[in-house]
>>> print(open('protein04.tsv').read())   # TSV, C-alpha atoms
chain	number	residue	atom	x	y	z
A	23	MET	CA	0.00	0.00	0.00
A	24	LEU	CA	2.83	2.38	0.89
A	25	ARG	CA	4.53	1.67	-2.45
A	26	LEU	CA	1.27	2.37	-4.33
A	27	LEU	CA	0.72	5.60	-2.42
A	28	ARG	CA	4.30	6.67	-3.00
A	29	ARG	CA	4.04	5.94	-6.72
A	30	HIS	CA	0.78	7.87	-7.06
A	31	SER	CA	1.20	10.49	-4.34
A	32	SER	CA	0.86	13.44	-6.72
A	33	LEU	CA	-2.37	11.97	-8.09
A	34	ALA	CA	-3.72	11.56	-4.55
A	35	ILE	CA	-2.81	15.16	-3.68
A	36	ILE	CA	-4.27	16.64	-6.86
A	37	LEU	CA	-7.41	14.51	-6.51
A	38	SER	CA	-7.84	15.67	-2.91
A	39	ILE	CA	-7.43	19.32	-3.88
A	40	GLY	CA	-9.88	18.83	-6.76
A	41	LEU	CA	-12.46	17.24	-4.47
A	42	VAL	CA	-12.14	20.07	-1.96
A	43	ALA	CA	-12.42	22.68	-4.74
A	44	GLY	CA	-15.43	20.89	-6.25
A	45	SER	CA	-17.12	20.69	-2.86
A	46	LEU	CA	-16.55	24.39	-2.34
A	47	VAL	CA	-18.01	25.23	-5.75
A	48	TRP	CA	-21.06	23.07	-5.02
A	49	THR	CA	-21.52	24.54	-1.54
A	50	LEU	CA	-20.91	28.19	-2.41
A	51	HIS	CA	-22.39	28.39	-5.92
A	52	GLY	CA	-24.66	25.38	-6.28
A	53	PRO	CA	-24.89	22.31	-8.50
A	54	GLU	CA	-25.15	24.28	-11.75
A	55	ALA	CA	-21.78	25.96	-11.13
A	56	PHE	CA	-20.35	22.54	-10.30
A	57	ARG	CA	-21.64	21.17	-13.64
A	58	ARG	CA	-20.02	24.12	-15.45
A	59	ALA	CA	-16.75	23.39	-13.64
A	60	LEU	CA	-16.96	19.75	-14.78
A	61	GLY	CA	-17.61	20.93	-18.34
A	62	THR	CA	-14.56	23.19	-18.20
A	63	ALA	CA	-12.45	20.32	-16.85
A	64	TRP	CA	-13.68	18.09	-19.70
A	65	GLN	CA	-12.74	20.72	-22.30
A	66	VAL	CA	-9.25	21.08	-20.80
A	67	PHE	CA	-8.90	17.28	-20.84
A	68	LEU	CA	-9.86	17.14	-24.53
A	69	THR	CA	-7.39	19.94	-25.31
A	70	VAL	CA	-4.52	18.18	-23.51
A	71	LEU	CA	-5.34	14.65	-24.68
A	72	PRO	CA	-3.71	14.82	-28.16
A	73	ALA	CA	-0.40	16.09	-26.74
A	74	LEU	CA	-0.51	13.48	-23.99
A	75	LEU	CA	-1.15	10.66	-26.46
A	76	ALA	CA	1.60	11.92	-28.79
A	77	GLY	CA	4.09	12.08	-25.91
A	78	LEU	CA	3.20	8.60	-24.71
A	79	LEU	CA	3.42	7.25	-28.27
A	80	LEU	CA	6.85	8.86	-28.63
A	81	ALA	CA	8.02	7.34	-25.34
A	82	GLY	CA	6.61	3.92	-26.17
A	83	SER	CA	8.13	3.93	-29.64
A	84	LEU	CA	11.54	5.00	-28.37
A	85	LYS	CA	11.42	2.31	-25.71
A	86	GLN	CA	10.99	-0.27	-28.47
A	87	LEU	CA	13.70	1.28	-30.65
A	88	ILE	CA	16.36	1.84	-27.97
A	89	PRO	CA	17.50	-1.35	-26.22
A	90	PRO	CA	18.11	-1.24	-22.45
A	91	GLY	CA	21.62	-0.04	-21.69
A	92	ALA	CA	22.18	1.40	-25.16
A	93	LEU	CA	22.67	4.94	-23.86
A	94	ALA	CA	25.02	4.02	-21.02
A	95	LYS	CA	28.09	4.93	-23.11
A	96	TRP	CA	26.72	8.36	-24.02
A	97	MET	CA	24.69	9.36	-20.97
A	98	GLY	CA	25.38	6.74	-18.32
A	99	ALA	CA	27.17	7.06	-14.99
A	100	GLU	CA	30.54	6.34	-16.62
A	101	SER	CA	30.07	8.94	-19.37
A	102	GLY	CA	31.47	11.73	-17.18
A	103	TRP	CA	31.32	15.30	-18.41
A	104	ARG	CA	30.58	14.14	-21.96
A	105	GLY	CA	27.32	12.58	-20.79
A	106	LEU	CA	26.23	15.82	-19.15
A	107	PHE	CA	27.05	17.83	-22.27
A	108	VAL	CA	25.24	15.34	-24.55
A	109	ALA	CA	22.21	15.40	-22.25
A	110	THR	CA	22.28	19.21	-22.17
A	111	LEU	CA	22.36	19.44	-25.98
A	112	CYS	CA	19.56	16.87	-26.29
A	113	GLY	CA	17.47	18.74	-23.72
A	114	MET	CA	17.94	22.04	-25.54
A	115	ALA	CA	16.96	20.43	-28.84
A	116	MET	CA	13.86	18.70	-27.40
A	117	PRO	CA	10.70	20.40	-28.69
A	118	GLY	CA	7.35	20.23	-27.00
A	119	GLY	CA	6.00	20.45	-23.52
A	120	PRO	CA	6.13	18.23	-20.48
A	121	MET	CA	3.88	15.61	-22.06
A	122	ALA	CA	6.63	14.86	-24.54
A	123	ALA	CA	9.70	15.57	-22.41
A	124	PHE	CA	8.95	13.60	-19.24
A	125	PRO	CA	7.94	10.33	-20.89
A	126	LEU	CA	11.14	10.65	-22.95
A	127	VAL	CA	13.16	11.12	-19.74
A	128	LEU	CA	11.71	7.86	-18.44
A	129	VAL	CA	12.70	6.06	-21.65
A	130	LEU	CA	16.21	7.55	-21.48
A	131	ALA	CA	16.53	6.33	-17.88
A	132	GLN	CA	15.44	2.82	-18.82
A	133	ALA	CA	17.92	2.86	-21.74
A	134	GLY	CA	20.88	3.53	-19.45
A	135	ALA	CA	21.07	7.29	-18.88
A	136	ASP	CA	22.06	8.08	-15.30
A	137	ARG	CA	20.28	10.54	-13.05
A	138	GLY	CA	22.89	13.27	-13.61
A	139	ALA	CA	22.29	13.16	-17.35
A	140	LEU	CA	18.53	13.06	-16.84
A	141	ILE	CA	18.62	16.12	-14.59
A	142	ALA	CA	20.87	17.93	-17.10
A	143	PHE	CA	18.38	17.04	-19.87
A	144	ILE	CA	15.37	18.33	-17.91
A	145	VAL	CA	17.08	21.56	-16.80
A	146	ALA	CA	18.36	22.27	-20.33
A	147	TRP	CA	14.92	21.56	-21.79
A	148	ALA	CA	13.21	23.81	-19.24
A	149	LEU	CA	15.67	26.71	-19.34
A	150	ASN	CA	17.30	26.74	-22.75
A	151	GLY	CA	15.07	24.87	-25.16
A	152	PHE	CA	15.76	26.21	-28.64
A	153	GLN	CA	12.06	26.23	-29.44
A	154	ARG	CA	11.30	28.43	-26.40
A	155	VAL	CA	14.18	30.81	-27.10
A	156	LEU	CA	13.41	31.24	-30.81
A	157	VAL	CA	9.61	31.28	-30.66
A	158	TRP	CA	9.04	33.25	-27.46
A	159	GLU	CA	12.08	35.02	-26.09
A	160	VAL	CA	13.66	36.54	-29.20
A	161	PRO	CA	10.39	37.97	-30.59
A	162	LEU	CA	9.09	39.21	-27.23
A	163	LEU	CA	12.24	40.25	-25.37
A	164	GLY	CA	14.67	40.93	-28.19
A	165	ALA	CA	17.73	39.04	-29.38
A	166	ASP	CA	20.19	40.71	-26.98
A	167	PHE	CA	18.21	39.90	-23.84
A	168	ALA	CA	17.40	36.38	-25.08
A	169	LEU	CA	21.09	35.74	-25.75
A	170	LEU	CA	22.05	37.08	-22.31
A	171	ARG	CA	19.47	34.89	-20.59
A	172	PHE	CA	20.47	31.86	-22.68
A	173	LEU	CA	24.17	32.28	-21.85
A	174	CYS	CA	23.46	32.78	-18.13
A	175	GLY	CA	21.33	29.63	-18.08
A	176	LEU	CA	23.70	27.51	-20.15
A	177	PRO	CA	25.96	26.18	-17.37
A	178	LEU	CA	23.07	25.49	-15.00
A	179	SER	CA	22.08	22.18	-16.58
A	180	VAL	CA	25.62	20.80	-16.29
A	181	ILE	CA	25.90	22.05	-12.69
A	182	ALA	CA	22.56	20.43	-11.86
A	183	GLY	CA	23.72	17.16	-13.47
A	184	VAL	CA	26.93	17.15	-11.43
A	185	LEU	CA	24.94	17.79	-8.25
A	186	ALA	CA	22.49	15.02	-9.10
A	187	ARG	CA	25.38	12.58	-9.42
A	188	ARG	CA	26.76	13.62	-6.03
A	189	ILE	CA	23.60	13.76	-3.91
A	190	PRO	CA	23.25	10.39	-2.16
A	191	LEU	CA	19.62	9.60	-2.92
A	192	ALA	CA	18.67	6.18	-4.23
A	193	TRP	CA	16.47	6.29	-7.31
A	194	THR	CA	15.19	3.60	-9.60
A	195	PRO	CA	13.26	4.67	-12.72
A	196	PRO	CA	9.63	3.57	-12.62
A	197	GLY	CA	9.12	0.49	-14.75
A	198	SER	CA	12.61	-0.88	-14.19
A	199	ALA	CA	13.60	-3.48	-11.65
A	200	ALA	CA	14.61	-2.21	-8.24
A	201	PRO	CA	18.24	-2.84	-7.27
A	202	GLY	CA	18.54	-6.39	-5.95
A	203	ALA	CA	15.06	-7.36	-7.15
A	204	ARG	CA	14.48	-10.64	-8.95
A	205	PRO	CA	13.47	-10.48	-12.60
>>> encode(input="protein04.tsv", output="structure tokens")
Amino acid sequence: MLRLLRRHSSLAIILSIGLVAGSLVWTLHGPEAFRRALGTAWQVFLTVLPALLAGLLLAGSLKQLIPPGALAKWMGAESGWRGLFVATLCGMAMPGGPMAAFPLVLVLAQAGADRGALIAFIVAWALNGFQRVLVWEVPLLGADFALLRFLCGLPLSVIAGVLARRIPLAWTPPGSAAPGARP
């Protein structure tokens, strides 16, 4: 039970908050407002669904195409600085939102990327994604400011990857066998 709760803790928290919010809407504004809130939630779900399905399809396809351990040389624990730089470049080149990026991170982990490379990938994707810089920052903030922000953020993904390799927390990617577990 504890393992299930730990695995789905964010779902339990979000569900609890949603139930409290729904109860408040029902109590303060009545059942009609609650039905409108459900309709809004359904519309958001339908808007997000295509991106979610595409991200999951990408992750599932890559899991079939990349054999376990194949990335260990490039992004594994023994890859050193090179692995962090490769992960940083891949993260910056990764288009799309979290529904594409996070399933891909899981596939990379199961294919042999270590946690330092995964953290470098996520930080580079979040801070210095080429798509974000070119589509949003340059047009809205100007090329000079976008370049300044990009350069200031550039080393952060590598620093985060180094820290992730040094912090003594045990982590096993979901869907892979726990250390010492029987197959």
>>> residues_around(input="protein04.tsv", residues="Gly118 (chain A)", least_positions_apart="2", cutoff="10 Å", atoms="only C-alpha atoms", output="list in words")
Ala73, Gly77, Ala115, Met116, Pro120, Met121, Ala122, Ala123, Trp147, Gly151, Gln153 and Arg154 of chain A
>>> atom_distance(input="protein04.tsv", atom1="CA of Arg29 (chain A)", atom2="CA of Ala142 (chain A)")
23.1 Å
>>> residues_around(input="protein04.tsv", residues="Gly102 (chain A)", least_positions_apart="5", cutoff="10 Å", atoms="only C-alpha atoms", output="MDAnalysis selection string")
chainID A and resid 95:97 107 138:139 184 187
>>> atom_distance(input="protein04.tsv", atom1="CA of Trp158 (chain A)", atom2="CA of Leu170 (chain A)")
14.5 Å
>>> atom_distance(input="protein04.tsv", atom1="CA of Ala135 (chain A)", atom2="CA of Val70 (chain A)")
28.2 Å
>>> closest_residue(input="protein04.tsv", among="A:Ala133, A:Leu33, A:Cys112, A:Val160", to="Ala148 (chain A)", atoms="all atoms listed in the file")
A:Cys112
>>> closest_residue(input="protein04.tsv", among="A:Ala186, A:Leu106, A:Gly61, A:Phe172", to="Glu159 (chain A)", atoms="only C-alpha atoms")
A:Phe172
>>> closest_residue(input="protein04.tsv", among="A:Pro161, A:Pro195, A:Gly105, A:Gly44", to="Phe124 (chain A)", atoms="all atoms listed in the file")
A:Pro195
>>> closest_residue(input="protein04.tsv", among="A:Val129, A:Val47, A:Leu60, A:Leu162", to="Gly197 (chain A)", atoms="all atoms listed in the file")
A:Val129
>>> closest_residue(input="protein04.tsv", among="A:Pro196, A:Pro89, A:Gly119, A:Gly113", to="Ala76 (chain A)", atoms="only C-alpha atoms")
A:Gly119
>>> residues_near_point(input="protein04.tsv", point="(26.0, 21.3, -16.6)", cutoff="10 Å", atoms="only C-alpha atoms", output="MDAnalysis selection string")
chainID A and resid 103 105:110 138:139 141:143 145:146 175:185
>>> closest_residue(input="protein04.tsv", among="A:Asp166, A:Leu50, A:Leu111, A:Phe56", to="Leu140 (chain A)", atoms="all atoms listed in the file")
A:Leu111
>>> decode(input="protein04.tsv", residues="region 42-54 of chain A", atoms="all heavy atoms", output="compact mmCIF listing (two decimals), in the first residue's frame")
# COMPACT_ATOMS: atom_id res chain seq x y z
N VAL A 42 -11.86 18.94 -2.85
CA VAL A 42 -12.14 20.07 -1.96
C VAL A 42 -12.66 21.26 -2.77
O VAL A 42 -13.67 21.89 -2.41
CB VAL A 42 -10.89 20.45 -1.14
CG1 VAL A 42 -11.07 21.79 -0.44
CG2 VAL A 42 -10.56 19.36 -0.13
N ALA A 43 -11.99 21.56 -3.90
CA ALA A 43 -12.42 22.68 -4.74
C ALA A 43 -13.83 22.44 -5.28
O ALA A 43 -14.67 23.34 -5.28
CB ALA A 43 -11.43 22.90 -5.88
N GLY A 44 -14.09 21.21 -5.75
CA GLY A 44 -15.43 20.89 -6.25
C GLY A 44 -16.49 21.01 -5.18
O GLY A 44 -17.59 21.53 -5.43
N SER A 45 -16.17 20.56 -3.98
CA SER A 45 -17.12 20.69 -2.86
C SER A 45 -17.40 22.14 -2.54
O SER A 45 -18.55 22.52 -2.25
CB SER A 45 -16.56 19.98 -1.62
OG SER A 45 -16.39 18.62 -1.87
N LEU A 46 -16.35 22.97 -2.60
CA LEU A 46 -16.55 24.39 -2.34
C LEU A 46 -17.42 25.04 -3.41
O LEU A 46 -18.30 25.85 -3.10
CB LEU A 46 -15.19 25.11 -2.26
CG LEU A 46 -14.41 24.92 -0.97
CD1 LEU A 46 -13.01 25.51 -1.10
CD2 LEU A 46 -15.15 25.55 0.20
N VAL A 47 -17.18 24.69 -4.67
CA VAL A 47 -18.01 25.23 -5.75
C VAL A 47 -19.46 24.83 -5.54
O VAL A 47 -20.37 25.66 -5.65
CB VAL A 47 -17.49 24.77 -7.14
CG1 VAL A 47 -18.50 25.08 -8.23
CG2 VAL A 47 -16.15 25.42 -7.45
N TRP A 48 -19.69 23.56 -5.23
CA TRP A 48 -21.06 23.07 -5.02
C TRP A 48 -21.71 23.80 -3.85
O TRP A 48 -22.85 24.26 -3.94
CB TRP A 48 -21.02 21.56 -4.75
CG TRP A 48 -22.38 20.95 -4.62
CD1 TRP A 48 -23.27 21.10 -3.58
CD2 TRP A 48 -23.02 20.09 -5.54
NE1 TRP A 48 -24.41 20.39 -3.80
CE2 TRP A 48 -24.29 19.75 -5.01
CE3 TRP A 48 -22.65 19.55 -6.77
CZ2 TRP A 48 -25.17 18.90 -5.67
CZ3 TRP A 48 -23.54 18.72 -7.40
CH2 TRP A 48 -24.77 18.40 -6.86
N THR A 49 -20.97 23.93 -2.75
CA THR A 49 -21.52 24.54 -1.54
C THR A 49 -21.76 26.03 -1.71
O THR A 49 -22.81 26.54 -1.32
CB THR A 49 -20.56 24.32 -0.35
OG1 THR A 49 -20.36 22.92 -0.18
CG2 THR A 49 -21.11 24.91 0.93
N LEU A 50 -20.81 26.74 -2.31
CA LEU A 50 -20.91 28.19 -2.41
C LEU A 50 -21.75 28.68 -3.59
O LEU A 50 -22.39 29.73 -3.50
CB LEU A 50 -19.52 28.81 -2.49
CG LEU A 50 -18.61 28.59 -1.28
CD1 LEU A 50 -17.22 29.13 -1.55
CD2 LEU A 50 -19.22 29.22 -0.03
N HIS A 51 -21.73 27.90 -4.70
CA HIS A 51 -22.39 28.39 -5.92
C HIS A 51 -23.46 27.45 -6.47
O HIS A 51 -24.08 27.77 -7.48
CB HIS A 51 -21.34 28.69 -7.00
CG HIS A 51 -20.34 29.71 -6.57
ND1 HIS A 51 -20.64 31.04 -6.43
CD2 HIS A 51 -19.04 29.58 -6.23
CE1 HIS A 51 -19.57 31.70 -6.04
NE2 HIS A 51 -18.57 30.84 -5.89
N GLY A 52 -23.60 26.28 -5.88
CA GLY A 52 -24.66 25.38 -6.28
C GLY A 52 -24.26 24.36 -7.34
O GLY A 52 -23.17 24.42 -7.91
N PRO A 53 -25.19 23.41 -7.58
CA PRO A 53 -24.89 22.31 -8.50
C PRO A 53 -24.68 22.75 -9.95
O PRO A 53 -23.91 22.13 -10.68
CB PRO A 53 -26.10 21.39 -8.38
CG PRO A 53 -27.13 22.13 -7.61
CD PRO A 53 -26.46 23.26 -6.93
N GLU A 54 -25.33 23.82 -10.37
CA GLU A 54 -25.15 24.28 -11.75
C GLU A 54 -23.72 24.77 -11.98
O GLU A 54 -23.11 24.48 -13.01
CB GLU A 54 -26.15 25.39 -12.09
CG GLU A 54 -26.10 25.86 -13.52
CD GLU A 54 -26.26 24.72 -14.54
OE1 GLU A 54 -27.06 23.80 -14.30
OE2 GLU A 54 -25.57 24.78 -15.59
